[in-house]
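Listing of work-v5.csv, CSV, C-alpha atoms
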```csv
chain,number,residue,atom,x,y,z
A,904,MET,CA,22.4,2.9,10.9
A,905,THR,CA,25.4,1.3,9.1
A,906,LEU,CA,25.5,-0.3,5.8
A,907,PHE,CA,26.3,-3.6,7.6
A,908,ASN,CA,23.1,-3.3,9.6
A,909,LEU,CA,21.1,-2.5,6.5
A,910,ARG,CA,22.4,-5.6,4.8
A,911,SER,CA,21.2,-7.8,7.7
A,912,LYS,CA,17.6,-6.6,7.2
A,913,ALA,CA,15.1,-8.9,5.5
A,914,VAL,CA,12.0,-6.7,5.6
A,915,PHE,CA,12.0,-3.1,4.6
A,916,ILE,CA,8.7,-1.3,5.2
A,917,MET,CA,8.2,1.9,3.4
A,918,VAL,CA,6.3,4.6,5.3
A,919,GLY,CA,5.2,7.9,3.9
A,920,PHE,CA,2.5,10.0,2.3
A,921,PRO,CA,1.3,9.4,-1.2
A,922,GLY,CA,3.6,10.9,-3.8
A,923,SER,CA,6.5,11.2,-1.3
A,924,GLY,CA,8.9,9.1,-3.4
A,925,LYS,CA,8.5,5.7,-1.6
A,926,SER,CA,8.3,3.7,-4.7
A,927,THR,CA,11.4,5.2,-6.3
A,928,LEU,CA,13.4,4.6,-3.1
A,929,ALA,CA,11.9,1.1,-2.6
A,930,LYS,CA,13.2,0.1,-6.1
A,931,GLN,CA,16.6,1.4,-5.2
A,932,ILE,CA,16.6,-0.6,-2.0
A,933,CYS,CA,15.7,-3.7,-4.0
A,934,ALA,CA,18.6,-3.2,-6.4
A,935,LYS,CA,21.1,-2.6,-3.6
A,936,PHE,CA,20.1,-5.3,-1.2
A,937,HIS,CA,18.6,-7.9,-3.6
A,938,CYS,CA,15.1,-7.7,-2.3
A,939,GLU,CA,11.7,-8.6,-3.8
A,940,TYR,CA,9.5,-5.6,-4.5
A,941,LEU,CA,5.9,-5.7,-3.2
A,942,SER,CA,3.7,-2.7,-4.0
A,943,SER,CA,0.1,-2.1,-2.9
A,944,ASP,CA,-0.3,0.1,-6.0
A,945,GLU,CA,0.9,-2.5,-8.4
A,946,ILE,CA,-1.3,-5.2,-6.9
A,947,ARG,CA,-4.3,-3.0,-7.2
A,948,GLU,CA,-3.4,-2.3,-10.9
A,949,LYS,CA,-2.4,-5.8,-11.9
A,950,VAL,CA,-4.7,-8.1,-9.9
A,951,PHE,CA,-7.7,-5.9,-9.5
A,952,ALA,CA,-7.4,-3.9,-12.8
A,953,SER,CA,-7.8,-0.7,-10.9
A,954,GLY,CA,-5.3,2.1,-10.5
A,955,ARG,CA,-7.9,3.8,-8.3
A,956,PHE,CA,-6.6,4.8,-4.9
A,957,ASP,CA,-9.3,6.5,-3.1
A,958,ALA,CA,-9.0,7.1,0.6
A,959,SER,CA,-12.8,7.6,1.0
A,960,GLU,CA,-14.8,5.4,3.2
A,961,GLN,CA,-16.8,4.0,0.4
A,962,GLN,CA,-17.4,0.3,1.1
A,963,GLN,CA,-16.2,-1.0,-2.3
A,964,VAL,CA,-13.0,1.1,-2.2
A,965,GLY,CA,-12.3,0.0,1.4
A,966,GLN,CA,-12.7,-3.6,0.4
A,967,LEU,CA,-10.4,-3.2,-2.6
A,968,ARG,CA,-7.7,-1.6,-0.5
A,969,GLN,CA,-8.1,-4.4,2.1
A,970,LEU,CA,-7.8,-7.1,-0.5
A,971,ALA,CA,-4.7,-5.5,-2.1
A,972,TYR,CA,-3.0,-5.3,1.3
A,973,GLN,CA,-4.0,-8.9,2.2
A,974,LEU,CA,-2.5,-10.1,-1.1
A,975,MET,CA,0.7,-8.1,-0.5
A,976,TYR,CA,1.2,-9.5,3.0
A,977,ASP,CA,0.3,-13.1,1.9
A,978,THR,CA,3.0,-12.8,-0.8
A,979,ALA,CA,5.4,-11.3,1.7
A,980,GLN,CA,4.9,-14.3,4.0
A,981,THR,CA,5.6,-16.7,1.1
A,982,LEU,CA,8.7,-14.9,0.1
A,983,LEU,CA,10.0,-14.7,3.7
A,984,LEU,CA,9.4,-18.5,4.0
A,985,GLN,CA,11.6,-18.9,0.9
A,986,ASN,CA,14.3,-16.9,2.8
A,987,LYS,CA,14.0,-13.9,0.4
A,988,LYS,CA,14.3,-10.3,1.4
A,989,ILE,CA,11.4,-8.0,0.7
A,990,VAL,CA,10.4,-4.3,0.4
A,991,LEU,CA,6.8,-3.5,1.2
A,992,ASP,CA,5.8,-0.3,-0.6
A,993,ALA,CA,2.6,1.3,0.8
A,994,THR,CA,1.8,4.2,3.0
A,995,HIS,CA,1.9,2.2,6.3
A,996,LEU,CA,0.8,5.3,8.3
A,997,GLU,CA,-2.1,3.6,10.0
A,998,LEU,CA,-0.9,2.0,13.2
A,999,ALA,CA,-4.1,-0.1,13.4
A,1000,LYS,CA,-3.1,-1.7,10.1
A,1001,ARG,CA,0.7,-1.6,10.5
A,1002,LYS,CA,0.7,-3.5,13.9
A,1003,PRO,CA,-1.1,-6.6,12.7
A,1004,MET,CA,1.1,-6.8,9.5
A,1005,VAL,CA,4.2,-6.7,11.7
A,1006,SER,CA,2.8,-9.4,14.0
A,1007,ARG,CA,2.0,-11.6,11.1
A,1008,LEU,CA,5.5,-11.2,9.5
A,1009,GLU,CA,7.4,-11.6,12.8
A,1010,LYS,CA,6.1,-15.1,13.0
A,1011,ILE,CA,8.6,-15.8,10.2
A,1012,LYS,CA,11.4,-13.3,10.8
A,1013,ASP,CA,12.5,-11.7,14.0
A,1014,LYS,CA,11.7,-8.0,14.2
A,1015,SER,CA,15.5,-7.3,14.5
A,1016,GLN,CA,15.5,-8.0,10.7
A,1017,PHE,CA,12.8,-5.4,10.0
A,1018,CYS,CA,13.4,-1.7,9.1
A,1019,TYR,CA,11.0,1.1,8.7
A,1020,VAL,CA,12.1,3.5,5.9
A,1021,LEU,CA,10.6,6.9,6.7
A,1022,VAL,CA,10.1,9.0,3.6
A,1023,LYS,CA,9.2,12.4,5.0
A,1024,THR,CA,9.0,14.6,1.9
A,1025,SER,CA,7.6,18.1,2.3
A,1026,ARG,CA,4.1,18.7,0.9
A,1027,THR,CA,5.6,21.5,-1.3
A,1028,ILE,CA,8.0,19.1,-3.0
A,1029,ILE,CA,5.4,16.5,-3.5
A,1030,ASP,CA,3.0,19.1,-4.9
A,1031,GLN,CA,5.6,20.1,-7.4
A,1032,ARG,CA,6.2,16.5,-8.4
A,1033,MET,CA,2.6,15.8,-8.8
A,1034,GLN,CA,1.9,18.9,-10.9
A,1035,LYS,CA,4.4,17.6,-13.4
A,1036,ARG,CA,2.2,14.5,-13.7
A,1037,ALA,CA,-1.0,16.7,-13.9
A,1038,THR,CA,-1.9,15.6,-17.4
A,1039,GLU,CA,-1.9,11.9,-16.6
A,1040,ILE,CA,-5.4,10.5,-16.1
A,1041,HIS,CA,-5.9,8.7,-12.8
A,1042,ASN,CA,-9.6,8.2,-12.9
A,1043,PRO,CA,-12.0,9.1,-15.7
A,1044,GLY,CA,-12.4,12.9,-15.7
A,1045,GLU,CA,-9.7,13.3,-13.0
A,1046,SER,CA,-6.1,14.1,-13.5
A,1047,MET,CA,-3.3,12.4,-11.5
A,1048,TYR,CA,-2.7,15.8,-9.7
A,1049,ASP,CA,-6.4,16.2,-8.7
A,1050,ALA,CA,-6.5,12.6,-7.5
A,1051,TRP,CA,-3.4,13.2,-5.4
A,1052,LYS,CA,-4.7,16.4,-3.8
A,1053,ARG,CA,-7.9,14.5,-2.9
A,1054,VAL,CA,-6.1,11.6,-1.4
A,1055,TYR,CA,-3.4,13.7,0.3
A,1056,GLY,CA,-6.2,15.8,1.9
A,1057,TYR,CA,-7.6,12.6,3.4
A,1058,PHE,CA,-4.2,11.6,4.9
A,1059,GLU,CA,-3.6,15.1,6.3
A,1060,ALA,CA,-7.0,15.2,7.9
A,1061,ASN,CA,-6.6,11.8,9.5
A,1062,GLN,CA,-3.1,12.7,10.7
A,1063,THR,CA,-4.6,15.7,12.4
A,1064,LYS,CA,-7.2,13.5,14.0
A,1065,GLY,CA,-4.5,11.2,15.3
A,1066,LEU,CA,-5.6,8.3,13.1
A,1067,LEU,CA,-2.2,8.2,11.3
A,1068,ALA,CA,1.2,8.1,12.9
A,1069,TRP,CA,4.8,7.7,11.9
A,1070,PRO,CA,6.4,4.6,13.5
A,1071,ASP,CA,8.0,5.1,16.9
A,1072,PRO,CA,11.1,2.9,17.2
A,1073,GLN,CA,10.7,2.8,21.0
A,1074,THR,CA,7.2,1.5,21.2
A,1075,GLU,CA,7.3,-0.6,18.0
A,1076,THR,CA,10.8,-1.9,18.6
A,1077,ILE,CA,11.8,-1.8,14.9
A,1078,ASP,CA,14.7,0.0,13.5
A,1079,CYS,CA,13.9,3.2,11.6
A,1080,ILE,CA,16.0,5.0,9.0
A,1081,THR,CA,15.1,8.2,7.2
A,1082,HIS,CA,15.2,8.4,3.4
A,1083,GLU,CA,18.0,11.0,3.6
A,1084,GLU,CA,20.2,8.6,5.7
A,1085,LEU,CA,19.3,5.7,3.5
A,1086,LEU,CA,20.3,7.5,0.4
A,1087,THR,CA,23.9,7.8,1.7
A,1088,HIS,CA,24.1,4.0,1.6
A,1089,LEU,CA,22.6,3.5,-1.9
A,1090,ASP,CA,25.5,4.9,-3.9
```
Please lay out the structure from this file as structure tokens.
Amino acid sequence: MTLFNLRSKAVFIMVGFPGSGKSTLAKQICAKFHCEYLSSDEIREKVFASGRFDASEQQQVGQLRQLAYQLMYDTAQTLLLQNKKIVLDATHLELAKRKPMVSRLEKIKDKSQFCYVLVKTSRTIIDQRMQKRATEIHNPGESMYDAWKRVYGYFEANQTKGLLAWPDPQTETIDCITHEELLTHLD
């Protein structure tokens, strides 16, 4: 994808496992292409006063996640209606949730203006990054690293079960760019 094509995008959708570097890259995209940054993590922390990300099936946790995503997509719609570019920072690995989000946003912007940013960082590299943050407390009694291992395990198990999937540009008809390719345009 060329720099010209990237400049024409209005919606950048980050896709990747927890700890893969999505947020860092998302902020670089915002700076380069003058986008508004929307993060499910930040919404959970600011609006719901909870840094907790727990991929368990507990009803309260699921409701919190759903509300954070709902608020993020509501805000995305508002910004797109104001003709602003956006970056959506969340895992976006669940097709069952990704598809309705895209349908909702394409009522405002054509899908040709969307771009999936695939952040496929190896588990080894993510593990090393998260170990450096091991002393940070995520939940009472649980380090950031322990929380990441728990959540990452959930994502790995669900990917194995076929519940999570990377976007397929042929079936979803949205441009995709890898984080490696995108980095060449951010200098």
- Task: Pick out the closest residue to A:Ala913 from this set: A:Asp977, A:Asp992, A:Glu1009, A:Glu945. Count all atoms listed in the file.
- Result: A:Glu1009
- Query: Which of these, A:Lys1023, A:Lys1012, A:Lys930, A:Lys1052, has the shortest distance to A:Ala979 once you count only C-alpha atoms?
  - Reply: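 The shortest atom-to-atom distance to A:Ala979 comes from A:Lys1012.
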- Determine, counting all atoms listed in the file, which protein, DNA and RNA residues have an atom within 7 Å of an atom of A:Leu998; residues of the same chain fewer than 3 positions away are not included. Present the result as an MDAnalysis selection string. chainID A and resid 1001:1002 1067:1068
- Message: Counting all atoms listed in the file, which residue out of A:Ile946, A:Lys987, A:Cys933, A:Glu1084 sits closest to A:Leu967?
- Response: A:Ile946
- Message: With all atoms listed in the file as the counted atoms, please give the residues lying no more than 7 Å from A:Cys938, apart from itself and same-chain residues fewer than 2 positions off, as a ChimeraX atom specification.
- Response: /A:933,936,940,987-990
Next, write the just-selected residues to a file, as a CSV table (one decimal), in the coordinates of the input, keeping C-alpha atoms as the atom set.
```csv
chain,number,residue,atom,x,y,z
A,933,CYS,CA,15.7,-3.7,-4.0
A,936,PHE,CA,20.1,-5.3,-1.2
A,940,TYR,CA,9.5,-5.6,-4.5
A,987,LYS,CA,14.0,-13.9,0.4
A,988,LYS,CA,14.3,-10.3,1.4
A,989,ILE,CA,11.4,-8.0,0.7
A,990,VAL,CA,10.4,-4.3,0.4
```
- Query: Just how far from atom CA of A:Tyr1055 is atom CA of A:Lys1000, in Å to one decimal?
  - Reply: 18.3 Å
- Which value, in Å to one decimal, gives the distance between atom CA of A:Ile916 and atom CA of A:Leu984? 17.3 Å
- Query: Which distance in Å separates atom CA of A:Leu941 and atom CA of A:Leu991, to one decimal?
  - Reply: 5.0 Å
- Near-stretch 1024-1027 of chain A list (8 Å; only C-alpha atoms; drop same-chain fewer than 5 positions) as a list in words: Gly919, Phe920, Ser923 and Gly924 of chain A
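Restricting the calculation to all atoms listed in the file, the smallest distance between A:Ile932 and any of A:Leu970, A:Leu1066, A:Leu1085, A:Leu982 is found for A:Leu1085.
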- Do you know which residues are at most 12 Å from A:Val1022 counting only C-alpha atoms, after dropping those on the same chain fewer than 6 positions away, and could you put them as a PyMOL selection string? chain A and resi 916-929+992-996+1029+1069-1070+1079-1086
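Of the residues under consideration (A:Ser942, A:Thr1076, A:Thr1087, A:Gln931), A:Thr1076 shows the shortest atom-to-atom contact distance to A:Phe1017 when counting all atoms listed in the file.
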- Task: Counting all atoms listed in the file, figure out which residue out of A:Thr1074, A:Gln1034, A:Gln985, A:Ser943 gets nearest to A:Asp1049.
- Result: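 Of A:Thr1074, A:Gln1034, A:Gln985, A:Ser943, the one nearest A:Asp1049 is A:Gln1034, counting all atoms listed in the file.
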Supply stretch 978-1004 of chain A as a PDB file, in the coordinates of the input, with N, CA and C atoms built in where the input has gaps.
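And here's out-v7.pdb as it stands now:
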```pdb
ATOM      1  N   THR A 978       1.795 -12.599   0.024  1.00  0.00           N
ATOM      2  CA  THR A 978       3.000 -12.800  -0.800  1.00  0.00           C
ATOM      3  C   THR A 978       4.249 -12.560  -0.012  1.00  0.00           C
ATOM      4  N   ALA A 979       4.226 -11.556   0.869  1.00  0.00           N
ATOM      5  CA  ALA A 979       5.400 -11.300   1.700  1.00  0.00           C
ATOM      6  C   ALA A 979       5.719 -12.503   2.583  1.00  0.00           C
ATOM      7  N   GLN A 980       4.705 -13.108   3.181  1.00  0.00           N
ATOM      8  CA  GLN A 980       4.900 -14.300   4.000  1.00  0.00           C
ATOM      9  C   GLN A 980       5.569 -15.420   3.169  1.00  0.00           C
ATOM     10  N   THR A 981       5.037 -15.643   1.991  1.00  0.00           N
ATOM     11  CA  THR A 981       5.600 -16.700   1.100  1.00  0.00           C
ATOM     12  C   THR A 981       7.032 -16.441   0.793  1.00  0.00           C
ATOM     13  N   LEU A 982       7.357 -15.210   0.432  1.00  0.00           N
ATOM     14  CA  LEU A 982       8.700 -14.900   0.100  1.00  0.00           C
ATOM     15  C   LEU A 982       9.678 -15.015   1.286  1.00  0.00           C
ATOM     16  N   LEU A 983       9.218 -14.592   2.457  1.00  0.00           N
ATOM     17  CA  LEU A 983      10.000 -14.700   3.700  1.00  0.00           C
ATOM     18  C   LEU A 983      10.286 -16.193   4.004  1.00  0.00           C
ATOM     19  N   LEU A 984       9.274 -17.020   3.800  1.00  0.00           N
ATOM     20  CA  LEU A 984       9.400 -18.500   4.000  1.00  0.00           C
ATOM     21  C   LEU A 984      10.444 -19.072   3.059  1.00  0.00           C
ATOM     22  N   GLN A 985      10.622 -18.431   1.910  1.00  0.00           N
ATOM     23  CA  GLN A 985      11.600 -18.900   0.900  1.00  0.00           C
ATOM     24  C   GLN A 985      12.972 -18.202   1.200  1.00  0.00           C
ATOM     25  N   ASN A 986      13.064 -17.534   2.339  1.00  0.00           N
ATOM     26  CA  ASN A 986      14.300 -16.900   2.800  1.00  0.00           C
ATOM     27  C   ASN A 986      14.719 -15.720   1.856  1.00  0.00           C
ATOM     28  N   LYS A 987      13.736 -15.054   1.271  1.00  0.00           N
ATOM     29  CA  LYS A 987      14.000 -13.900   0.400  1.00  0.00           C
ATOM     30  C   LYS A 987      13.792 -12.618   1.203  1.00  0.00           C
ATOM     31  N   LYS A 988      14.516 -11.589   0.827  1.00  0.00           N
ATOM     32  CA  LYS A 988      14.300 -10.300   1.400  1.00  0.00           C
ATOM     33  C   LYS A 988      13.229  -9.553   0.655  1.00  0.00           C
ATOM     34  N   ILE A 989      12.501  -8.677   1.365  1.00  0.00           N
ATOM     35  CA  ILE A 989      11.400  -8.000   0.700  1.00  0.00           C
ATOM     36  C   ILE A 989      11.362  -6.500   1.067  1.00  0.00           C
ATOM     37  N   VAL A 990      10.752  -5.740   0.166  1.00  0.00           N
ATOM     38  CA  VAL A 990      10.400  -4.300   0.400  1.00  0.00           C
ATOM     39  C   VAL A 990       8.926  -4.206   0.239  1.00  0.00           C
ATOM     40  N   LEU A 991       8.257  -3.686   1.264  1.00  0.00           N
ATOM     41  CA  LEU A 991       6.800  -3.500   1.200  1.00  0.00           C
ATOM     42  C   LEU A 991       6.540  -2.004   0.956  1.00  0.00           C
ATOM     43  N   ASP A 992       5.982  -1.712  -0.206  1.00  0.00           N
ATOM     44  CA  ASP A 992       5.800  -0.300  -0.600  1.00  0.00           C
ATOM     45  C   ASP A 992       4.274   0.015  -0.527  1.00  0.00           C
ATOM     46  N   ALA A 993       3.954   0.747   0.530  1.00  0.00           N
ATOM     47  CA  ALA A 993       2.600   1.300   0.800  1.00  0.00           C
ATOM     48  C   ALA A 993       2.774   2.410   1.777  1.00  0.00           C
ATOM     49  N   THR A 994       1.693   3.108   2.098  1.00  0.00           N
ATOM     50  CA  THR A 994       1.800   4.200   3.000  1.00  0.00           C
ATOM     51  C   THR A 994       2.230   3.812   4.422  1.00  0.00           C
ATOM     52  N   HIS A 995       1.619   2.747   4.948  1.00  0.00           N
ATOM     53  CA  HIS A 995       1.900   2.200   6.300  1.00  0.00           C
ATOM     54  C   HIS A 995       1.873   3.273   7.388  1.00  0.00           C
ATOM     55  N   LEU A 996       0.967   4.226   7.266  1.00  0.00           N
ATOM     56  CA  LEU A 996       0.800   5.300   8.300  1.00  0.00           C
ATOM     57  C   LEU A 996      -0.225   4.961   9.328  1.00  0.00           C
ATOM     58  N   GLU A 997      -1.035   3.941   9.095  1.00  0.00           N
ATOM     59  CA  GLU A 997      -2.100   3.600  10.000  1.00  0.00           C
ATOM     60  C   GLU A 997      -1.598   2.527  10.997  1.00  0.00           C
ATOM     61  N   LEU A 998      -1.371   2.923  12.244  1.00  0.00           N
ATOM     62  CA  LEU A 998      -0.900   2.000  13.200  1.00  0.00           C
ATOM     63  C   LEU A 998      -1.792   0.780  13.386  1.00  0.00           C
ATOM     64  N   ALA A 999      -3.099   1.018  13.288  1.00  0.00           N
ATOM     65  CA  ALA A 999      -4.100  -0.100  13.400  1.00  0.00           C
ATOM     66  C   ALA A 999      -3.892  -1.137  12.347  1.00  0.00           C
ATOM     67  N   LYS A1000      -3.340  -0.771  11.206  1.00  0.00           N
ATOM     68  CA  LYS A1000      -3.100  -1.700  10.100  1.00  0.00           C
ATOM     69  C   LYS A1000      -1.633  -2.205  10.134  1.00  0.00           C
ATOM     70  N   ARG A1001      -0.743  -1.317  10.547  1.00  0.00           N
ATOM     71  CA  ARG A1001       0.700  -1.600  10.500  1.00  0.00           C
ATOM     72  C   ARG A1001       1.015  -2.705  11.581  1.00  0.00           C
ATOM     73  N   LYS A1002       0.414  -2.585  12.755  1.00  0.00           N
ATOM     74  CA  LYS A1002       0.700  -3.500  13.900  1.00  0.00           C
ATOM     75  C   LYS A1002       0.384  -4.965  13.526  1.00  0.00           C
ATOM     76  N   PRO A1003      -0.828  -5.251  13.011  1.00  0.00           N
ATOM     77  CA  PRO A1003      -1.100  -6.600  12.700  1.00  0.00           C
ATOM     78  C   PRO A1003      -0.225  -7.201  11.562  1.00  0.00           C
ATOM     79  N   MET A1004       0.166  -6.332  10.622  1.00  0.00           N
ATOM     80  CA  MET A1004       1.100  -6.800   9.500  1.00  0.00           C
ATOM     81  C   MET A1004       2.408  -7.174  10.135  1.00  0.00           C
TER      82      MET A1004
END
```
